[in-house]
Every structure is written in structure tokens, then in C-alpha cells.
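The file run.txt comes next; it holds compact mmCIF, N, CA and C atoms.
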```txt
# COMPACT_ATOMS: atom_id res chain seq x y z
N MET U 1 -48.64 -15.57 4.00
CA MET U 1 -49.28 -16.20 2.88
C MET U 1 -48.42 -15.99 1.64
N THR U 2 -48.13 -17.05 0.90
CA THR U 2 -47.32 -16.97 -0.30
C THR U 2 -48.19 -17.19 -1.52
N VAL U 3 -48.00 -16.40 -2.54
CA VAL U 3 -48.75 -16.52 -3.78
C VAL U 3 -47.86 -17.14 -4.83
N GLU U 4 -48.37 -18.14 -5.52
CA GLU U 4 -47.60 -18.78 -6.58
C GLU U 4 -48.13 -18.28 -7.91
N PHE U 5 -47.24 -17.75 -8.77
CA PHE U 5 -47.63 -17.18 -10.03
C PHE U 5 -46.75 -17.77 -11.11
N PHE U 6 -47.29 -18.54 -12.01
CA PHE U 6 -46.58 -19.26 -13.07
C PHE U 6 -45.44 -20.12 -12.51
N GLY U 7 -45.71 -20.79 -11.44
CA GLY U 7 -44.75 -21.71 -10.86
C GLY U 7 -43.67 -21.06 -10.03
N VAL U 8 -43.75 -19.76 -9.83
CA VAL U 8 -42.77 -19.04 -9.03
C VAL U 8 -43.46 -18.54 -7.78
N ARG U 9 -42.91 -18.88 -6.65
CA ARG U 9 -43.50 -18.37 -5.41
C ARG U 9 -43.12 -16.93 -5.23
N GLY U 10 -43.93 -16.19 -4.52
CA GLY U 10 -43.78 -14.75 -4.34
C GLY U 10 -42.45 -14.33 -3.77
N MET U 11 -42.46 -13.55 -2.75
CA MET U 11 -41.27 -12.90 -2.19
C MET U 11 -40.28 -13.87 -1.55
N GLY U 12 -40.72 -15.02 -1.15
CA GLY U 12 -39.82 -15.96 -0.50
C GLY U 12 -38.65 -16.35 -1.37
N GLN U 13 -38.92 -16.67 -2.62
CA GLN U 13 -37.85 -17.10 -3.52
C GLN U 13 -36.94 -15.93 -3.89
N ILE U 14 -37.48 -14.77 -4.14
CA ILE U 14 -36.66 -13.62 -4.50
C ILE U 14 -35.73 -13.25 -3.35
N GLY U 15 -36.26 -13.25 -2.14
CA GLY U 15 -35.42 -12.95 -0.99
C GLY U 15 -34.31 -13.97 -0.82
N GLY U 16 -34.60 -15.22 -1.10
CA GLY U 16 -33.59 -16.26 -0.98
C GLY U 16 -32.46 -16.05 -1.97
N LEU U 17 -32.79 -15.63 -3.18
CA LEU U 17 -31.75 -15.38 -4.18
C LEU U 17 -30.86 -14.22 -3.76
N ASN U 18 -31.43 -13.19 -3.21
CA ASN U 18 -30.63 -12.04 -2.76
C ASN U 18 -29.67 -12.45 -1.64
N LYS U 19 -30.12 -13.28 -0.75
CA LYS U 19 -29.25 -13.71 0.35
C LYS U 19 -28.08 -14.52 -0.19
N ILE U 20 -28.33 -15.36 -1.17
CA ILE U 20 -27.26 -16.17 -1.75
C ILE U 20 -26.22 -15.27 -2.43
N SER U 21 -26.67 -14.29 -3.20
CA SER U 21 -25.72 -13.43 -3.89
C SER U 21 -24.90 -12.61 -2.91
N ARG U 22 -25.50 -12.17 -1.82
CA ARG U 22 -24.74 -11.40 -0.83
C ARG U 22 -23.68 -12.27 -0.17
N THR U 23 -24.00 -13.52 0.10
CA THR U 23 -23.02 -14.41 0.69
C THR U 23 -21.86 -14.62 -0.28
N GLY U 24 -22.17 -14.79 -1.57
CA GLY U 24 -21.13 -14.95 -2.58
C GLY U 24 -20.23 -13.73 -2.66
N GLU U 25 -20.83 -12.54 -2.56
CA GLU U 25 -20.04 -11.32 -2.59
C GLU U 25 -19.11 -11.24 -1.39
N ALA U 26 -19.60 -11.66 -0.23
CA ALA U 26 -18.78 -11.64 0.97
C ALA U 26 -17.60 -12.59 0.83
N GLN U 27 -17.85 -13.74 0.23
CA GLN U 27 -16.76 -14.70 0.05
C GLN U 27 -15.73 -14.16 -0.93
N LYS U 28 -16.18 -13.52 -2.01
CA LYS U 28 -15.25 -12.96 -2.98
C LYS U 28 -14.39 -11.87 -2.34
N SER U 29 -15.01 -10.99 -1.56
CA SER U 29 -14.24 -9.92 -0.94
C SER U 29 -13.27 -10.46 0.10
N ALA U 30 -13.65 -11.52 0.79
CA ALA U 30 -12.74 -12.11 1.77
C ALA U 30 -11.52 -12.71 1.07
N LYS U 31 -11.74 -13.34 -0.09
CA LYS U 31 -10.61 -13.90 -0.83
C LYS U 31 -9.70 -12.79 -1.34
N THR U 32 -10.28 -11.73 -1.85
CA THR U 32 -9.49 -10.62 -2.36
C THR U 32 -8.70 -9.96 -1.25
N GLU U 33 -9.32 -9.75 -0.11
CA GLU U 33 -8.63 -9.12 1.00
C GLU U 33 -7.46 -9.97 1.47
N GLY U 34 -7.62 -11.27 1.44
CA GLY U 34 -6.53 -12.15 1.85
C GLY U 34 -5.32 -12.00 0.96
N LYS U 35 -5.54 -11.89 -0.33
CA LYS U 35 -4.42 -11.73 -1.26
C LYS U 35 -3.74 -10.39 -1.06
N GLU U 36 -4.52 -9.32 -0.90
CA GLU U 36 -3.94 -8.01 -0.70
C GLU U 36 -3.18 -7.95 0.61
N GLY U 37 -3.73 -8.56 1.64
CA GLY U 37 -3.07 -8.55 2.94
C GLY U 37 -1.73 -9.24 2.89
N ALA U 38 -1.64 -10.33 2.13
CA ALA U 38 -0.38 -11.06 2.03
C ALA U 38 0.66 -10.24 1.29
N SER U 39 0.29 -9.57 0.21
CA SER U 39 1.27 -8.79 -0.53
C SER U 39 1.71 -7.57 0.29
N PHE U 40 0.76 -6.97 1.01
CA PHE U 40 1.12 -5.83 1.85
C PHE U 40 2.06 -6.27 2.96
N SER U 41 1.78 -7.41 3.55
CA SER U 41 2.60 -7.91 4.63
C SER U 41 4.02 -8.20 4.15
N SER U 42 4.14 -8.83 2.98
CA SER U 42 5.48 -9.14 2.47
C SER U 42 6.22 -7.87 2.08
N ALA U 43 5.50 -6.88 1.55
CA ALA U 43 6.15 -5.62 1.20
C ALA U 43 6.63 -4.91 2.46
N LEU U 44 5.82 -4.96 3.50
CA LEU U 44 6.19 -4.33 4.76
C LEU U 44 7.40 -5.02 5.37
N GLN U 45 7.44 -6.33 5.29
CA GLN U 45 8.59 -7.06 5.82
C GLN U 45 9.85 -6.72 5.04
N GLY U 46 9.72 -6.59 3.72
CA GLY U 46 10.87 -6.21 2.90
C GLY U 46 11.38 -4.82 3.24
N ALA U 47 10.46 -3.89 3.45
CA ALA U 47 10.85 -2.53 3.80
C ALA U 47 11.52 -2.49 5.17
N THR U 48 10.99 -3.25 6.10
CA THR U 48 11.57 -3.30 7.44
C THR U 48 12.97 -3.89 7.40
N ALA U 49 13.15 -4.94 6.60
CA ALA U 49 14.47 -5.56 6.48
C ALA U 49 15.46 -4.61 5.84
N ALA U 50 15.03 -3.87 4.82
CA ALA U 50 15.92 -2.92 4.16
C ALA U 50 16.29 -1.78 5.10
N GLN U 51 15.34 -1.35 5.90
CA GLN U 51 15.61 -0.28 6.85
C GLN U 51 16.61 -0.73 7.91
N ALA U 52 16.45 -1.95 8.39
CA ALA U 52 17.36 -2.48 9.40
C ALA U 52 18.75 -2.65 8.81
N ALA U 53 18.85 -3.09 7.56
CA ALA U 53 20.15 -3.27 6.92
C ALA U 53 20.82 -1.93 6.70
N GLY U 54 20.07 -0.92 6.38
CA GLY U 54 20.64 0.41 6.15
C GLY U 54 21.22 1.03 7.40
N LYS U 55 20.65 0.71 8.54
CA LYS U 55 21.12 1.29 9.80
C LYS U 55 22.46 0.71 10.22
N THR U 56 22.75 -0.50 9.85
CA THR U 56 23.95 -1.16 10.36
C THR U 56 25.09 -1.21 9.36
N GLU U 57 24.89 -0.79 8.12
CA GLU U 57 25.91 -1.03 7.10
C GLU U 57 27.07 -0.03 7.09
N ASP U 58 26.78 1.25 6.92
CA ASP U 58 27.83 2.19 6.59
C ASP U 58 27.95 3.30 7.65
N PRO U 59 28.98 3.24 8.47
CA PRO U 59 29.14 4.29 9.50
C PRO U 59 29.49 5.65 8.88
N ASP U 60 30.16 5.67 7.72
CA ASP U 60 30.49 6.93 7.06
C ASP U 60 29.21 7.64 6.60
N ARG U 61 28.28 6.84 6.06
CA ARG U 61 27.00 7.42 5.62
C ARG U 61 26.23 7.98 6.81
N ALA U 62 26.23 7.25 7.90
CA ALA U 62 25.52 7.70 9.09
C ALA U 62 26.12 9.02 9.61
N ALA U 63 27.43 9.13 9.56
CA ALA U 63 28.09 10.35 10.01
C ALA U 63 27.72 11.51 9.08
N ARG U 64 27.68 11.26 7.76
CA ARG U 64 27.33 12.30 6.80
C ARG U 64 25.88 12.75 7.00
N VAL U 65 24.99 11.81 7.27
CA VAL U 65 23.58 12.14 7.51
C VAL U 65 23.46 13.02 8.75
N GLN U 66 24.19 12.68 9.80
CA GLN U 66 24.15 13.48 11.02
C GLN U 66 24.69 14.90 10.77
N GLU U 67 25.74 14.97 9.97
CA GLU U 67 26.32 16.27 9.62
C GLU U 67 25.30 17.13 8.86
N LEU U 68 24.62 16.52 7.90
CA LEU U 68 23.62 17.25 7.12
C LEU U 68 22.43 17.67 7.98
N LYS U 69 22.02 16.81 8.90
CA LYS U 69 20.93 17.16 9.81
C LYS U 69 21.30 18.37 10.66
N ALA U 70 22.54 18.41 11.11
CA ALA U 70 23.00 19.54 11.93
C ALA U 70 23.01 20.83 11.10
N GLN U 71 23.43 20.74 9.84
CA GLN U 71 23.45 21.91 8.96
C GLN U 71 22.03 22.43 8.70
N VAL U 72 21.11 21.51 8.48
CA VAL U 72 19.72 21.89 8.24
C VAL U 72 19.14 22.55 9.48
N ALA U 73 19.41 21.97 10.64
CA ALA U 73 18.88 22.51 11.90
C ALA U 73 19.41 23.91 12.18
N SER U 74 20.66 24.15 11.82
CA SER U 74 21.25 25.46 12.09
C SER U 74 20.98 26.47 10.98
N GLY U 75 20.44 26.02 9.85
CA GLY U 75 20.14 26.92 8.74
C GLY U 75 21.31 27.16 7.82
N GLN U 76 22.37 26.39 7.92
CA GLN U 76 23.56 26.57 7.11
C GLN U 76 23.60 25.67 5.88
N TYR U 77 22.63 24.81 5.71
CA TYR U 77 22.63 23.87 4.59
C TYR U 77 22.21 24.58 3.31
N GLU U 78 23.06 24.54 2.29
CA GLU U 78 22.77 25.15 1.00
C GLU U 78 23.06 24.12 -0.10
N PRO U 79 22.04 23.42 -0.57
CA PRO U 79 22.26 22.41 -1.61
C PRO U 79 22.58 23.06 -2.95
N ASP U 80 23.28 22.32 -3.80
CA ASP U 80 23.57 22.76 -5.16
C ASP U 80 22.30 22.54 -5.99
N LEU U 81 21.61 23.63 -6.31
CA LEU U 81 20.32 23.52 -6.98
C LEU U 81 20.43 22.93 -8.39
N ASN U 82 21.57 23.10 -9.03
CA ASN U 82 21.75 22.49 -10.36
C ASN U 82 21.79 20.97 -10.26
N LYS U 83 22.49 20.47 -9.24
CA LYS U 83 22.54 19.02 -9.03
C LYS U 83 21.16 18.48 -8.68
N VAL U 84 20.44 19.20 -7.83
CA VAL U 84 19.10 18.76 -7.44
C VAL U 84 18.19 18.70 -8.66
N ALA U 85 18.24 19.74 -9.49
CA ALA U 85 17.38 19.79 -10.68
C ALA U 85 17.74 18.68 -11.67
N SER U 86 19.03 18.44 -11.87
CA SER U 86 19.42 17.41 -12.84
C SER U 86 19.02 16.01 -12.34
N LYS U 87 19.16 15.75 -11.03
CA LYS U 87 18.75 14.45 -10.49
C LYS U 87 17.23 14.28 -10.57
N LEU U 88 16.50 15.37 -10.33
CA LEU U 88 15.05 15.31 -10.40
C LEU U 88 14.60 15.02 -11.83
N LEU U 89 15.19 15.70 -12.79
CA LEU U 89 14.86 15.43 -14.19
C LEU U 89 15.23 14.02 -14.60
N GLN U 90 16.38 13.56 -14.15
CA GLN U 90 16.81 12.18 -14.46
C GLN U 90 15.81 11.19 -13.88
N PHE U 91 15.36 11.41 -12.67
CA PHE U 91 14.38 10.54 -12.03
C PHE U 91 13.07 10.54 -12.80
N LEU U 92 12.61 11.70 -13.22
CA LEU U 92 11.35 11.80 -13.93
C LEU U 92 11.41 11.16 -15.31
N VAL U 93 12.54 11.26 -15.98
CA VAL U 93 12.67 10.67 -17.31
C VAL U 93 12.78 9.15 -17.22
N GLU U 94 13.54 8.64 -16.25
CA GLU U 94 13.72 7.20 -16.12
C GLU U 94 12.52 6.52 -15.49
N GLY U 95 11.88 7.18 -14.54
CA GLY U 95 10.82 6.54 -13.76
C GLY U 95 9.51 6.55 -14.45
```

The structure given in the file should be rewritten as C-alpha cells.
Amino acid sequence: MTVEFFGVRGMGQIGGLNKISRTGEAQKSAKTEGKEGASFSSALQGATAAQAAGKTEDPDRAARVQELKAQVASGQYEPDLNKVASKLLQFLVEG
């Protein structure tokens, strides 16, 4: 049974309005997710391409990385802490 009060029907109309707003919210979130997904996908593709390019470019760099990994594994790696600190400060000031 529906009661009409000043031209407004009872719970039927209120429930209908809530359903419409929820559908609108779902559509908005779907649109937003689509945009975020596209930017994430393109960023991921860019990172993958950069990683693949880095692996094939410089054999000298790859040899140096392997040398440093061996030093770290054996416990013989001793970085210059002044250089590390200056690069860190430079990064923090510029970034």
C-alpha cells in the first residue's frame, strides 16, 4: 500500500531516487577507473621498454654491475660515503 502525501508517493519514489544515484556513482567510478588503468598501463609499458633497453645497451655497465654484485656478496664492497652523501643531498635538493 502506497500513501500519497502532498503529491509525493511514499517509499516507492524515494527508493527509486536512491537506485538512480547509485547507478550514476557506478558509472562515474567506471569512467575514472578506465582513465587510471590506461595511464598505469602506458607507464608500465614505458618501464618495461626502458628495462629491456637497459639490458641490451652497454656491456661495460653490465660487467661493472656483476663485479659490484660479487663484491657485495663477498662482503668486500666499501662505498665512498662522502660521494653517497653528496649525491643523496643533490637528489633531495633537486627533486

>> Report, in Å to a single decimal, how far apart atom C of U:Leu81 and atom CA of U:Glu94 are.
In response: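 Answer for the atom CA of U:Glu94 to atom C of U:Leu81 separation: 18.8 Å.
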
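Coordinates place atom CA of U:Ser86 at a distance of 21.4 Å from atom CA of U:Val65.
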
> If you measure from atom CA of U:Leu68 to atom CA of U:Asp80, what distance in Å do you get, rounded to one decimal?
Replying inline: 13.5 Å
